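J.: Sharing a structure below in structure tokens format, with a few things to ask.
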Amino acid sequence: MKNIAILGSTGSIGRNAIEVIRNFPDRFKVTYLAVNKNIELLFEQVKLLRPRGVVIFDKEKAREFSNFVNGEIEVLSGEEGLLEVVSRDDVDVVLNSLVGFSGLKPTIKAIESGKRIALANKETLVVAGEIITKLIKENNVELIPVDSEHNAIFQCLVGENVSDINRIILTASGGPFLYRDKVDLENVTVEEALKHPNWKMGNKITIDSATLMNKGLEVIEAHWLFGLSVDKIKVVIHPQSVIHSMVEFVDGSIKAQLGVPDMKIPIQYALTYPERTYADYGRVDFVKLGQMTFLEPDLDKFECLRIAYEVASIGGTYPTVLNAANEVAVEAFLNKKIKFTKIPDIIKRAIDAHKPKFNPELEDILRVDSETRKFVKNLEEIS
Ligand SMILES: NC(=O)C1=CN([C@@H]2O[C@H](COP(=O)(O)OP(=O)(O)OC[C@H]3O[C@@H](n4cnc5c(N)ncnc54)[C@H](OP(=O)(O)O)[C@@H]3O)[C@@H](O)[C@H]2O)C=CC1
Ligand SMILES: CC(=O)[C@@H](O)[C@H](O)COP(=O)(O)O
Ligand SMILES: [Mn+2]
């Protein structure tokens, strides 16, 4: 029996993970759930899973929940609550499905506490990939990627030597605006941007998919996970999202992982690895699918991907700036304060204003994240 803490249980990945875990009652026990403030859904999840405790990041909501459950379950709060549960003895696996920068410190604490990490929170690797990969080695822990592309690559690499990789081919759906002209992007609405063609996901990552920043973040994520230089990570638009990514080896052979676009498949693999277990989340019907197509990404139209490539090859604290500026800009777009095309503009301004630090320590990352957020929030169009 493996004890699991789900960070971000009320989110899209968290809810999918609960569906997966419920299929394995003799194998997994959820000991902790953590959320930001959705205590209504958390309460339903508590009734279903009977965890030992919960973390509610929002302190006011944590008090409300605590009064409501009246001592029947342990209620922790804030960042300290997250860091406490990931280090407890009754946790073997931490599924980190928090969104954004908030995932960083819990990942670090979980690694230092020797837990297996199932990592959906790609921002952790984007902002602090160097620190995280070093810590993983030092603490000899397993970090299994949940992100569909990286989980696909991880699956392709079973039985292979990383030194035999020639390049990685990361597939991208192209998002809802793949076939729109660049000039039309200025006036796209939040509702249109939230209509992902293939995946049902949280709002932040869905907007990232629409700008193609998601793929940019994933290039950086792959760079750290698989130890490859950025020029060996190629993005290809594959609108059907059936091939989740590919690895090309030195002899020209290519391995790919395919499947229906359902996150329960990579979540289950990350939790049961190295075993592969039965699942019934849908099968690919190639005849019905008819065709699979591939296109070059348009880096002029989708500037976020171009900027992410540039930042990734320079490194240092630039990816932290990219991530922080993106998080603030995406939130401003979701709140209808800025236009869609302002997202790359704002990120460029934050990057241009930044003085980088190379081989950053955690304190540098925390400082740069907070300075960038302040810088972006003070920009005229956002404040
Ligand atoms: N959704 C998907 O299919 C995929 C997601 N990912 C990555 O996985 C991560 C999660 O994405 P997704 O599930 O879509 O996001 P959602 O926005 O749907 O969910 C985020 C979850 O995190 C919780 N949360 C947010 N901030 C905090 C905090 N400070 N402390 C505690 N809990 C917090 C939210 O709680 P509350 O509900 O209370 O707000 C919610 O449970 C992201 O990094 C994303 O890029 C990667 C691949 C696919
Ligand atoms: C499901 C998943 O892993 C997402 O990151 C997905 O890849 C988003 O789709 P895009 O390819 O449109 O970014
Ligand atoms: Mn992905």
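Each chain in the structure tokens gets a letter, A, B, ..., in the order shown, and its residues are numbered from 1; ligands are numbered from 1 in order too.
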Report as a PDB file with C-alpha atoms, in the first residue's frame all protein, DNA and RNA residues lying within 12 Å of A:Arg180, evaluated on only C-alpha atoms, omitting residues in the same chain fewer than 3 positions from it.
T.:
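The resulting selection16.pdb:
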ATOM      1  CA  GLY A 174      -1.352  24.296 -31.758  1.00  0.00           C
ATOM      2  CA  GLY A 175      -4.178  25.446 -29.481  1.00  0.00           C
ATOM      3  CA  PRO A 176      -7.457  27.109 -30.466  1.00  0.00           C
ATOM      4  CA  PHE A 177      -5.786  29.750 -32.680  1.00  0.00           C
ATOM      5  CA  VAL A 183      -3.647  40.106 -36.998  1.00  0.00           C
ATOM      6  CA  ASP A 184      -6.805  38.483 -35.638  1.00  0.00           C
ATOM      7  CA  LEU A 185      -5.137  37.398 -32.392  1.00  0.00           C
ATOM      8  CA  GLU A 186      -5.399  40.897 -30.956  1.00  0.00           C
ATOM      9  CA  ASN A 187      -9.139  40.639 -30.445  1.00  0.00           C
ATOM     10  CA  VAL A 188      -9.607  37.025 -29.392  1.00  0.00           C
ATOM     11  CA  GLU A 192     -12.297  31.586 -27.208  1.00  0.00           C
ATOM     12  CA  ALA A 193      -8.846  31.154 -25.685  1.00  0.00           C
ATOM     13  CA  ALA A 210      -3.351  29.130 -26.714  1.00  0.00           C
ATOM     14  CA  ASP A 298       4.860  29.687 -36.471  1.00  0.00           C
ATOM     15  CA  LYS A 301       2.643  34.408 -34.782  1.00  0.00           C
ATOM     16  CA  PHE A 302       3.250  32.610 -31.470  1.00  0.00           C
TER      17      PHE A 302
END
J.: Neighbouring residues of A:Val20 were defined as those with any atom within 7 Å, considering only C-alpha atoms; residues of the same chain fewer than 3 positions away were excluded. Please report them as a PyMOL selection string.
T.: chain A and resi 16-17+23+264+268
J.: As a PyMOL selection string, list the residues of stretch 192-355 of chain A assigned to alpha helix (DSSP H) by DSSP on the backbone atoms of this structure.
T.: chain A and resi 192-193+203-211+213-226+264-272+286-289+303-314+318-334+342-352
J.: Of the candidates A:Ser66, A:Thr171, A:Ser87, A:Asn96, which shows the shortest atom-to-atom distance to ligand 1, using only C-alpha atoms and all ligand atoms?
T.: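 When distances to ligand 1 are compared using only C-alpha atoms and all ligand atoms, the smallest one comes from A:Asn96.
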J.: Let me have all residues with an atom within 7 Å of ligand 3, counting only C-alpha atoms and all ligand atoms, laid out as a list of chain:residue names.
T.: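 Those within range of ligand 3 are A:Asp147, A:Ser148, A:Glu149, A:Glu218.
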J.: Write a file of the selected residues as an mmCIF file, in the first residue's frame, keeping C-alpha atoms.
T.:
data_model
loop_
_atom_site.group_PDB
_atom_site.id
_atom_site.type_symbol
_atom_site.label_atom_id
_atom_site.label_comp_id
_atom_site.auth_asym_id
_atom_site.auth_seq_id
_atom_site.Cartn_x
_atom_site.Cartn_y
_atom_site.Cartn_z
ATOM 1 C CA ASP A 147 2.912 16.192 -18.066
ATOM 2 C CA SER A 148 1.695 14.150 -21.057
ATOM 3 C CA GLU A 149 4.642 14.917 -23.382
ATOM 4 C CA GLU A 218 7.689 22.216 -21.798
#
J.: Could you list, as a VMD selection string, all protein and nucleic acid residues with an atom at most 6 Å from ligand 1, counting only C-alpha atoms and all ligand atoms?
T.: chain A and resid 8 to 14 34 to 38 57 97 to 100 102 120 to 123 147 to 148 201 to 203 205 263
J.: Work out how far atom CA of A:Asn151 is from atom CA of A:Asp231, in Å to one decimal.
T.: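 Value for the atom CA of A:Asp231-atom CA of A:Asn151 distance: 20.2 Å.
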J.: Between A:Glu363, A:Asp58, A:Glu79, A:Asp208, which residue has the minimum interatomic distance to ligand 2, considering only C-alpha atoms and all ligand atoms?
T.: A:Asp208
J.: Extract, using only C-alpha atoms, all DNA, RNA and protein residues at most 7 Å from A:Val146, discarding same-chain residues fewer than 3 positions from it, and format them as a VMD selection string.
T.: chain A and resid 118 to 120 150 to 151 266 to 267 270
J.: Rounded to one decimal place, report the atom CA of A:Phe43-atom CA of A:Glu64 distance in Å.
T.: 11.6 Å
J.: Would you mind telling me which residue in A:Trp199, A:Phe28, A:Phe358, A:Phe286 lies nearest to ligand 2 when using only C-alpha atoms and all ligand atoms?
T.: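 For ligand 2, the nearest of the given residues is A:Trp199.
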